file model.tsv (TSV, C-alpha atoms)
chain	number	residue	atom	x	y	z
A	1	MET	CA	39.11	-66.02	47.49
A	2	ALA	CA	36.48	-63.54	46.33
A	3	THR	CA	33.94	-65.28	48.53
A	4	VAL	CA	36.09	-64.78	51.62
A	5	HIS	CA	36.52	-61.11	50.74
A	6	ALA	CA	32.78	-60.70	50.15
A	7	GLN	CA	32.02	-62.30	53.52
A	8	TRP	CA	34.57	-60.04	55.23
A	9	VAL	CA	33.03	-56.94	53.66
A	10	LYS	CA	29.49	-58.03	54.50
A	11	GLY	CA	30.41	-58.74	58.12
A	12	ALA	CA	32.34	-55.50	58.49
A	13	LEU	CA	29.53	-53.42	57.03
A	14	ALA	CA	26.98	-55.10	59.29
A	15	SER	CA	29.09	-54.29	62.35
A	16	ILE	CA	29.09	-50.59	61.47
A	17	ALA	CA	25.46	-50.50	62.60
A	18	GLU	CA	26.74	-51.04	66.16
A	19	LEU	CA	28.92	-47.90	66.10
A	20	THR	CA	27.93	-44.74	67.93
A	21	ASP	CA	27.68	-41.48	65.99
A	22	LYS	CA	31.08	-40.36	67.30
A	23	GLU	CA	32.67	-43.71	66.41
A	24	ARG	CA	31.27	-43.37	62.88
A	25	ALA	CA	32.73	-39.88	62.67
A	26	VAL	CA	36.14	-41.19	63.74
A	27	LEU	CA	35.90	-44.08	61.26
A	28	THR	CA	35.01	-41.61	58.50
A	29	GLN	CA	38.19	-39.67	59.23
A	30	VAL	CA	40.22	-42.90	59.22
A	31	GLY	CA	38.73	-43.52	55.77
A	32	ARG	CA	40.02	-40.12	54.70
A	33	GLY	CA	43.49	-41.19	55.75
A	34	LEU	CA	43.84	-38.92	58.77
A	35	GLY	CA	46.02	-39.78	61.75
A	36	ASN	CA	44.84	-39.68	65.35
A	37	SER	CA	45.96	-36.12	66.06
A	38	ASP	CA	44.32	-34.82	62.88
A	39	ILE	CA	41.10	-36.72	63.65
A	40	ALA	CA	41.07	-35.27	67.17
A	41	GLU	CA	41.52	-31.77	65.81
A	42	GLU	CA	38.88	-32.24	63.12
A	43	LEU	CA	36.29	-33.57	65.59
A	44	PHE	CA	37.20	-31.25	68.50
A	45	ILE	CA	38.11	-34.14	70.80
A	46	SER	CA	41.32	-35.06	72.58
A	47	GLU	CA	43.74	-37.50	71.01
A	48	GLU	CA	43.10	-39.88	73.92
A	49	THR	CA	39.36	-39.75	73.21
A	50	CYS	CA	40.11	-40.47	69.56
A	51	LYS	CA	42.18	-43.50	70.58
A	52	SER	CA	39.37	-44.66	72.85
A	53	HIS	CA	36.88	-44.46	69.99
A	54	LEU	CA	39.29	-46.37	67.75
A	55	ARG	CA	39.60	-49.15	70.35
A	56	ALA	CA	35.81	-49.40	70.49
A	57	ILE	CA	35.59	-49.44	66.68
A	58	ARG	CA	38.22	-52.16	66.44
A	59	GLN	CA	36.38	-54.27	68.99
A	60	LYS	CA	32.97	-53.86	67.35
A	61	VAL	CA	34.24	-54.37	63.81
A	62	GLY	CA	36.66	-57.12	64.77
A	63	GLU	CA	39.52	-55.59	62.82
A	64	THR	CA	42.81	-54.23	64.15
A	65	ASP	CA	44.42	-53.18	60.89
A	66	ARG	CA	43.96	-49.43	60.30
A	67	VAL	CA	44.10	-49.86	56.52
A	68	LYS	CA	41.25	-52.37	56.68
A	69	LEU	CA	39.30	-49.96	58.87
A	70	ALA	CA	39.77	-47.32	56.17
A	71	LEU	CA	38.56	-49.78	53.53
A	72	ILE	CA	35.50	-50.55	55.63
A	73	ALA	CA	34.73	-46.84	55.89
A	74	ILE	CA	35.13	-46.38	52.14
A	75	ARG	CA	33.00	-49.44	51.31
A	76	ALA	CA	30.31	-48.22	53.70
A	77	GLY	CA	30.34	-44.82	52.08
A	78	ILE	CA	30.84	-43.02	55.35
call {"tool": "encode", "arguments": {"input": "model.tsv", "output": "structure tokens"}}
result
Amino acid sequence: MATVHAQWVKGALASIAELTDKERAVLTQVGRGLGNSDIAEELFISEETCKSHLRAIRQKVGETDRVKLALIAIRAGI
């Protein structure tokens, strides 16, 4: 089981390299536990733009679960 988790973490962290600066900023806020409206306010973007960045992040990282996205952000130290 630990091996599967380690592979998941390694793959997720590698995929972070594909994120744009704004996507990283959004992922960082997800890691802080913020919701879409709070992220939008924090980054001075619209909520729709925030959602768009989250869709791109989910596609690049290959993860749809918001909690797992937060874990990825925390593990990556971003």
call {"tool": "atom_distance", "arguments": {"input": "model.tsv", "atom1": "atom CA of Thr49 of chain A", "atom2": "atom CA of Arg24 of chain A"}}
result
13.6 Å
call {"tool": "residues_around", "arguments": {"input": "model.tsv", "residues": "Leu43 of chain A", "least_positions_apart": "6", "cutoff": "12 Å", "atoms": "all atoms listed in the file", "output": "list in words"}}
result
Asp21, Lys22, Glu23, Arg24, Ala25, Val26, Leu27, Thr28, Gln29, Val30, Leu34, Asn36, Ser37, Thr49, Cys50 and His53 of chain A
call {"tool": "residues_around", "arguments": {"input": "model.tsv", "residues": "Arg58 of chain A", "least_positions_apart": "2", "cutoff": "12 Å", "atoms": "only C-alpha atoms", "output": "VMD selection string"}}
result
chain A and resid 12 15 to 16 18 to 19 23 to 24 26 to 27 30 51 to 56 60 to 70 72
call {"tool": "write_last_selection", "arguments": {"input": "model.tsv", "atoms": "C-alpha atoms", "output": "PDB file, keeping the file's coordinate frame"}}
result
ATOM      1  CA  ALA A  12      32.340 -55.500  58.490  1.00  0.00           C
ATOM      2  CA  SER A  15      29.090 -54.290  62.350  1.00  0.00           C
ATOM      3  CA  ILE A  16      29.090 -50.590  61.470  1.00  0.00           C
ATOM      4  CA  GLU A  18      26.740 -51.040  66.160  1.00  0.00           C
ATOM      5  CA  LEU A  19      28.920 -47.900  66.100  1.00  0.00           C
ATOM      6  CA  GLU A  23      32.670 -43.710  66.410  1.00  0.00           C
ATOM      7  CA  ARG A  24      31.270 -43.370  62.880  1.00  0.00           C
ATOM      8  CA  VAL A  26      36.140 -41.190  63.740  1.00  0.00           C
ATOM      9  CA  LEU A  27      35.900 -44.080  61.260  1.00  0.00           C
ATOM     10  CA  VAL A  30      40.220 -42.900  59.220  1.00  0.00           C
ATOM     11  CA  LYS A  51      42.180 -43.500  70.580  1.00  0.00           C
ATOM     12  CA  SER A  52      39.370 -44.660  72.850  1.00  0.00           C
ATOM     13  CA  HIS A  53      36.880 -44.460  69.990  1.00  0.00           C
ATOM     14  CA  LEU A  54      39.290 -46.370  67.750  1.00  0.00           C
ATOM     15  CA  ARG A  55      39.600 -49.150  70.350  1.00  0.00           C
ATOM     16  CA  ALA A  56      35.810 -49.400  70.490  1.00  0.00           C
ATOM     17  CA  LYS A  60      32.970 -53.860  67.350  1.00  0.00           C
ATOM     18  CA  VAL A  61      34.240 -54.370  63.810  1.00  0.00           C
ATOM     19  CA  GLY A  62      36.660 -57.120  64.770  1.00  0.00           C
ATOM     20  CA  GLU A  63      39.520 -55.590  62.820  1.00  0.00           C
ATOM     21  CA  THR A  64      42.810 -54.230  64.150  1.00  0.00           C
ATOM     22  CA  ASP A  65      44.420 -53.180  60.890  1.00  0.00           C
ATOM     23  CA  ARG A  66      43.960 -49.430  60.300  1.00  0.00           C
ATOM     24  CA  VAL A  67      44.100 -49.860  56.520  1.00  0.00           C
ATOM     25  CA  LYS A  68      41.250 -52.370  56.680  1.00  0.00           C
ATOM     26  CA  LEU A  69      39.300 -49.960  58.870  1.00  0.00           C
ATOM     27  CA  ALA A  70      39.770 -47.320  56.170  1.00  0.00           C
ATOM     28  CA  ILE A  72      35.500 -50.550  55.630  1.00  0.00           C
TER      29      ILE A  72
END
call {"tool": "atom_distance", "arguments": {"input": "model.tsv", "atom1": "atom CA of Glu41 of chain A", "atom2": "atom CA of Ala17 of chain A"}}
result
24.9 Å
call {"tool": "atom_distance", "arguments": {"input": "model.tsv", "atom1": "atom CA of Ile39 of chain A", "atom2": "atom CA of Thr20 of chain A"}}
result
16.0 Å
call {"tool": "axis_aligned_box", "arguments": {"input": "model.tsv", "around": "segment 62-77 of chain A", "padding_each_side": "3 Å", "output": "JSON"}}
result
{"center_x": 37.4, "center_y": -51.0, "center_z": 58.0, "size_x": 20.1, "size_y": 18.3, "size_z": 19.5}
call {"tool": "closest_residue", "arguments": {"input": "model.tsv", "among": "A:Phe44, A:Gly31, A:Gln59, A:Gly11", "to": "Ala73 of chain A", "atoms": "all atoms listed in the file"}}
result
A:Gly31
call {"tool": "decode", "arguments": {"input": "model.tsv", "residues": "segment 1-50 of chain A", "atoms": "N, CA and C atoms", "output": "CSV table (one decimal), in the first residue's frame"}}
result
chain,number,residue,atom,x,y,z
A,1,MET,N,0.8,-1.2,0.0
A,1,MET,CA,0.0,0.0,0.0
A,1,MET,C,0.9,1.3,0.0
A,2,ALA,N,1.9,1.3,0.8
A,2,ALA,CA,2.8,2.4,0.9
A,2,ALA,C,3.4,2.7,-0.5
A,3,THR,N,3.7,1.7,-1.2
A,3,THR,CA,4.3,1.8,-2.6
A,3,THR,C,3.4,2.5,-3.5
A,4,VAL,N,2.1,2.2,-3.5
A,4,VAL,CA,1.1,2.8,-4.3
A,4,VAL,C,1.0,4.3,-3.9
A,5,HIS,N,1.0,4.6,-2.6
A,5,HIS,CA,0.9,6.0,-2.2
A,5,HIS,C,2.2,6.7,-2.6
A,6,ALA,N,3.3,6.1,-2.5
A,6,ALA,CA,4.6,6.8,-2.9
A,6,ALA,C,4.6,7.1,-4.4
A,7,GLN,N,4.1,6.2,-5.2
A,7,GLN,CA,4.0,6.4,-6.6
A,7,GLN,C,3.0,7.5,-7.0
A,8,TRP,N,1.9,7.5,-6.3
A,8,TRP,CA,0.9,8.6,-6.5
A,8,TRP,C,1.5,9.9,-6.2
A,9,VAL,N,2.2,10.0,-5.0
A,9,VAL,CA,2.8,11.3,-4.6
A,9,VAL,C,3.9,11.7,-5.7
A,10,LYS,N,4.7,10.8,-6.1
A,10,LYS,CA,5.8,11.1,-7.0
A,10,LYS,C,5.2,11.6,-8.3
A,11,GLY,N,4.2,10.9,-8.8
A,11,GLY,CA,3.5,11.3,-10.1
A,11,GLY,C,2.9,12.7,-10.0
A,12,ALA,N,2.2,12.9,-8.9
A,12,ALA,CA,1.5,14.2,-8.7
A,12,ALA,C,2.5,15.3,-8.6
A,13,LEU,N,3.6,15.1,-7.9
A,13,LEU,CA,4.6,16.2,-7.7
A,13,LEU,C,5.3,16.4,-9.1
A,14,ALA,N,5.5,15.4,-9.8
A,14,ALA,CA,6.1,15.6,-11.2
A,14,ALA,C,5.2,16.4,-12.1
A,15,SER,N,3.9,16.2,-11.9
A,15,SER,CA,2.9,16.9,-12.8
A,15,SER,C,2.8,18.4,-12.4
A,16,ILE,N,3.2,18.8,-11.2
A,16,ILE,CA,3.1,20.2,-10.8
A,16,ILE,C,4.0,21.0,-11.7
A,17,ALA,N,5.1,20.4,-12.2
A,17,ALA,CA,6.0,21.2,-13.1
A,17,ALA,C,5.3,21.7,-14.4
A,18,GLU,N,4.2,21.1,-14.7
A,18,GLU,CA,3.5,21.5,-15.9
A,18,GLU,C,2.5,22.7,-15.7
A,19,LEU,N,2.3,23.0,-14.4
A,19,LEU,CA,1.4,24.1,-14.1
A,19,LEU,C,1.9,25.4,-14.4
A,20,THR,N,1.0,26.3,-14.8
A,20,THR,CA,1.4,27.7,-15.0
A,20,THR,C,1.6,28.4,-13.6
A,21,ASP,N,2.2,29.6,-13.6
A,21,ASP,CA,2.3,30.3,-12.3
A,21,ASP,C,1.0,30.5,-11.7
A,22,LYS,N,0.0,30.9,-12.4
A,22,LYS,CA,-1.4,31.2,-11.9
A,22,LYS,C,-2.0,29.9,-11.3
A,23,GLU,N,-1.8,28.8,-12.1
A,23,GLU,CA,-2.3,27.5,-11.6
A,23,GLU,C,-1.7,27.1,-10.3
A,24,ARG,N,-0.4,27.4,-10.2
A,24,ARG,CA,0.3,27.1,-8.9
A,24,ARG,C,-0.2,27.9,-7.8
A,25,ALA,N,-0.5,29.2,-8.1
A,25,ALA,CA,-1.1,30.1,-7.1
A,25,ALA,C,-2.4,29.6,-6.6
A,26,VAL,N,-3.2,29.1,-7.5
A,26,VAL,CA,-4.6,28.6,-7.2
A,26,VAL,C,-4.4,27.3,-6.4
A,27,LEU,N,-3.5,26.4,-6.8
A,27,LEU,CA,-3.3,25.2,-6.1
A,27,LEU,C,-2.8,25.5,-4.6
A,28,THR,N,-1.9,26.5,-4.5
A,28,THR,CA,-1.4,26.9,-3.2
A,28,THR,C,-2.6,27.2,-2.3
A,29,GLN,N,-3.6,28.0,-2.8
A,29,GLN,CA,-4.7,28.4,-2.0
A,29,GLN,C,-5.6,27.2,-1.7
A,30,VAL,N,-5.7,26.3,-2.6
A,30,VAL,CA,-6.5,25.0,-2.3
A,30,VAL,C,-5.8,24.3,-1.1
A,31,GLY,N,-4.5,24.3,-1.1
A,31,GLY,CA,-3.7,23.7,-0.1
A,31,GLY,C,-3.9,24.4,1.3
A,32,ARG,N,-4.3,25.6,1.2
A,32,ARG,CA,-4.6,26.4,2.5
A,32,ARG,C,-6.0,26.2,2.9
A,33,GLY,N,-6.8,25.4,2.1
A,33,GLY,CA,-8.1,25.1,2.5
A,33,GLY,C,-9.2,26.1,2.0
A,34,LEU,N,-8.8,27.1,1.1
A,34,LEU,CA,-9.7,28.1,0.7
A,34,LEU,C,-10.7,27.5,-0.4
A,35,GLY,N,-11.9,28.1,-0.4
A,35,GLY,CA,-12.9,27.8,-1.4
A,35,GLY,C,-12.7,28.7,-2.6
A,36,ASN,N,-13.4,28.4,-3.7
A,36,ASN,CA,-13.2,29.1,-4.9
A,36,ASN,C,-13.4,30.6,-4.8
A,37,SER,N,-14.4,31.0,-4.1
A,37,SER,CA,-14.7,32.5,-4.0
A,37,SER,C,-13.5,33.2,-3.2
A,38,ASP,N,-13.1,32.5,-2.2
A,38,ASP,CA,-11.9,33.1,-1.4
A,38,ASP,C,-10.7,33.1,-2.2
A,39,ILE,N,-10.4,32.0,-3.0
A,39,ILE,CA,-9.2,32.0,-3.9
A,39,ILE,C,-9.3,33.1,-4.9
A,40,ALA,N,-10.5,33.3,-5.5
A,40,ALA,CA,-10.6,34.4,-6.5
A,40,ALA,C,-10.4,35.7,-5.8
A,41,GLU,N,-10.9,35.9,-4.7
A,41,GLU,CA,-10.6,37.2,-4.0
A,41,GLU,C,-9.2,37.4,-3.6
A,42,GLU,N,-8.5,36.4,-3.1
A,42,GLU,CA,-7.1,36.4,-2.7
A,42,GLU,C,-6.2,36.7,-3.9
A,43,LEU,N,-6.6,36.2,-5.1
A,43,LEU,CA,-5.7,36.3,-6.3
A,43,LEU,C,-6.2,37.4,-7.3
A,44,PHE,N,-7.2,38.1,-6.9
A,44,PHE,CA,-7.8,39.2,-7.7
A,44,PHE,C,-8.2,38.7,-9.1
A,45,ILE,N,-8.9,37.5,-9.1
A,45,ILE,CA,-9.4,37.0,-10.3
A,45,ILE,C,-10.9,36.7,-10.1
A,46,SER,N,-11.6,36.4,-11.2
A,46,SER,CA,-13.0,36.1,-11.0
A,46,SER,C,-13.1,34.6,-10.6
A,47,GLU,N,-14.3,34.3,-10.0
A,47,GLU,CA,-14.5,32.9,-9.6
A,47,GLU,C,-14.5,32.0,-10.8
A,48,GLU,N,-15.0,32.5,-11.9
A,48,GLU,CA,-15.0,31.6,-13.1
A,48,GLU,C,-13.6,31.3,-13.6
A,49,THR,N,-12.7,32.3,-13.5
A,49,THR,CA,-11.3,32.1,-13.8
A,49,THR,C,-10.7,31.1,-12.8
A,50,CYS,N,-11.0,31.2,-11.6
A,50,CYS,CA,-10.5,30.3,-10.6
A,50,CYS,C,-11.0,28.9,-11.0
